[in-house]
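Structure first, then comments.
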Amino acid sequence: MKNKFLNIFGGILLFAGISTNAQILTNSNVVTALTGSNYFLDASNFEGLANQNYGRGLGFPRTNLTTFQFDTAPMDNDVTLSNFDGMVVYNTTAGNTLTGQGVITAVTPGFYYFSNPGNPGNITNGKWVPIAGANAGVKENILTTETVTNRLINNAQIYAIKSSFTVNGSTAPNTYTNPVIIPSTGSLYRITIYQAGTNNVYANSVYSYDKTNGNFITGSPSMSVVYPNGNYDYVVEYTK
């Protein structure tokens with residue numbers, strides 16, 4: 001299968017080399033314009049196939065890492081690639097990678113590479129790692145279902161869930177719309193409370209939190225927060 005792919009890829013590059021003045025070199029030596037260079041492929045002078053006003057870029061493979069599974073079958077009996085170290089993809093979906101596909105990792109949309117050095121033929125200890133800076137512009141959107149944030153604490157992924165409550169001049173919610181219950185093995189990081197439709201943050205310190213039912217009181221043992229009557233949104237952040 002590998003040789004067939006190289007033949008097809010080489011044929012495409014040969015056609016491109018004849019049709020344009022592109023600088024292209026592959027390991028099959030279809031085009032030798034860059035012999036002795038460090039380049040594998042240089043498309044910086046790729047002209048003629050499109051209007052010069054059109055932007056051109058390199059498109060990386062897109063995939064959903066929350067459902068992605070490695071094909072570990074040898075390619076033409078060659079197992080040297082089966083650890084997939086350095087493989088780069090653009091992930092389209094937030095969530096967790098699958099069990100058995102390296103270390104389970106929380107991912108968000110953006111570029112990732114698979115880091116698995118020194119493990120030929122074994123993906124167990126490999127891990128999908130975000131490419132530094134590539135995901136910087138990706139914003140998390142905290143929803144009423146579990147959301148993977150863009151933050152870690154001591155290498156532990158932070159998750160978040162949004163909900164709301166009403167209060168009648170007390171230090172604790174009177175009625176929860178849907179109380180946020182974090183996993184029993186989870187650790188509460190922070191609760192942020194703000195009034196719906198405003199930029200007013202009322203509290204982000206927690207006096208008590210009951211993981212079994214999601215009830216909480218904000219403030220401190222010596223000073224609790226009293227909320228004016230009204231409707232409030234809140235976000236619960238936690239690790240697990």
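Following the order of the structure tokens, first chain is A, next is B, and so on, with residues numbered from 1 inside each chain and ligands from 1 in the order they appear.
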
For stretch 119-128 of chain A: contacts at 8 Å, only C-alpha atoms, fewer than 3 positions along chain excluded, given as number ranges by chain: A: 72, 79-85, 100-105, 112-116

With C-alpha atoms kept, could you save the residues just selected as a PDB file, in the first residue's frame?
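Ended up saving to out23.pdb:
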ATOM      1  CA  THR A  72      -1.238  -0.286  13.667  1.00  0.00           C
ATOM      2  CA  VAL A  79       6.886  -1.525  11.451  1.00  0.00           C
ATOM      3  CA  THR A  80       9.198   1.487  11.794  1.00  0.00           C
ATOM      4  CA  LEU A  81       6.258   3.914  11.439  1.00  0.00           C
ATOM      5  CA  SER A  82       3.873   2.119  13.770  1.00  0.00           C
ATOM      6  CA  ASN A  83       4.678   4.265  16.823  1.00  0.00           C
ATOM      7  CA  PHE A  84       3.392   7.330  14.866  1.00  0.00           C
ATOM      8  CA  ASP A  85       5.769   9.674  16.704  1.00  0.00           C
ATOM      9  CA  GLY A 100      -6.269   2.285  23.940  1.00  0.00           C
ATOM     10  CA  GLN A 101      -5.199   5.075  21.587  1.00  0.00           C
ATOM     11  CA  GLY A 102      -2.299   6.281  23.692  1.00  0.00           C
ATOM     12  CA  VAL A 103      -2.767   8.169  26.962  1.00  0.00           C
ATOM     13  CA  ILE A 104      -6.356   9.437  27.283  1.00  0.00           C
ATOM     14  CA  THR A 105      -6.094  13.167  26.630  1.00  0.00           C
ATOM     15  CA  TYR A 112      -1.946  18.329  17.561  1.00  0.00           C
ATOM     16  CA  TYR A 113       1.040  16.029  17.145  1.00  0.00           C
ATOM     17  CA  PHE A 114       1.433  12.520  18.534  1.00  0.00           C
ATOM     18  CA  SER A 115       4.394  12.318  20.918  1.00  0.00           C
ATOM     19  CA  ASN A 116       5.618   8.741  21.279  1.00  0.00           C
TER      20      ASN A 116
END

For stretch 209-211 of chain A: contacts at 7 Å, only C-alpha atoms, fewer than 5 positions along chain excluded, given as a PyMOL selection string: chain A and resi 181-182+184+216-217

Output all heavy atoms for every residue in the selection just made, as an mmCIF file, in the first residue's frame.
data_model
loop_
_atom_site.group_PDB
_atom_site.id
_atom_site.type_symbol
_atom_site.label_atom_id
_atom_site.label_comp_id
_atom_site.auth_asym_id
_atom_site.auth_seq_id
_atom_site.Cartn_x
_atom_site.Cartn_y
_atom_site.Cartn_z
ATOM 1 N N ILE A 181 -23.339 18.770 39.304
ATOM 2 C CA ILE A 181 -22.771 17.717 40.153
ATOM 3 C C ILE A 181 -21.520 17.195 39.465
ATOM 4 O O ILE A 181 -21.604 16.594 38.388
ATOM 5 C CB ILE A 181 -23.785 16.586 40.389
ATOM 6 C CG1 ILE A 181 -25.054 17.149 41.040
ATOM 7 C CG2 ILE A 181 -23.170 15.496 41.257
ATOM 8 C CD1 ILE A 181 -26.168 16.126 41.188
ATOM 9 N N ILE A 182 -20.365 17.429 40.068
ATOM 10 C CA ILE A 182 -19.127 16.982 39.451
ATOM 11 C C ILE A 182 -18.895 15.512 39.797
ATOM 12 O O ILE A 182 -19.495 14.970 40.731
ATOM 13 C CB ILE A 182 -17.935 17.849 39.899
ATOM 14 C CG1 ILE A 182 -17.639 17.652 41.396
ATOM 15 C CG2 ILE A 182 -18.217 19.321 39.618
ATOM 16 C CD1 ILE A 182 -16.394 18.405 41.870
ATOM 17 N N SER A 184 -17.640 12.019 41.278
ATOM 18 C CA SER A 184 -17.273 11.713 42.667
ATOM 19 C C SER A 184 -15.764 11.699 42.857
ATOM 20 O O SER A 184 -15.258 11.965 43.954
ATOM 21 C CB SER A 184 -17.859 10.355 43.083
ATOM 22 O OG SER A 184 -17.386 9.325 42.224
ATOM 23 N N PHE A 216 -24.000 24.610 47.088
ATOM 24 C CA PHE A 216 -22.786 25.304 47.502
ATOM 25 C C PHE A 216 -23.135 26.583 48.252
ATOM 26 O O PHE A 216 -24.244 27.116 48.149
ATOM 27 C CB PHE A 216 -21.902 25.644 46.296
ATOM 28 C CG PHE A 216 -22.539 26.592 45.313
ATOM 29 C CD1 PHE A 216 -22.484 27.970 45.503
ATOM 30 C CD2 PHE A 216 -23.204 26.099 44.199
ATOM 31 C CE1 PHE A 216 -23.072 28.831 44.590
ATOM 32 C CE2 PHE A 216 -23.797 26.959 43.292
ATOM 33 C CZ PHE A 216 -23.734 28.329 43.480
ATOM 34 N N ILE A 217 -22.175 27.059 49.027
ATOM 35 C CA ILE A 217 -22.241 28.367 49.676
ATOM 36 C C ILE A 217 -20.933 29.071 49.374
ATOM 37 O O ILE A 217 -19.846 28.506 49.562
ATOM 38 C CB ILE A 217 -22.431 28.253 51.207
ATOM 39 C CG1 ILE A 217 -23.757 27.551 51.523
ATOM 40 C CG2 ILE A 217 -22.401 29.627 51.856
ATOM 41 C CD1 ILE A 217 -23.988 27.320 53.000
#

Interface rows for stretch 60-101 of chain A against stretch 157-180 of chain A: nearest pair, Å to one decimal, 12 Å, only C-alpha atoms, as a Markdown table:
| residue | atom | partner | partner_atom | distance |
| --- | --- | --- | --- | --- |
| A:Ala94 | CA | A:Tyr159 | CA | 11.3 |
| A:Gly95 | CA | A:Tyr159 | CA | 10.1 |
| A:Asn96 | CA | A:Gln157 | CA | 10.4 |
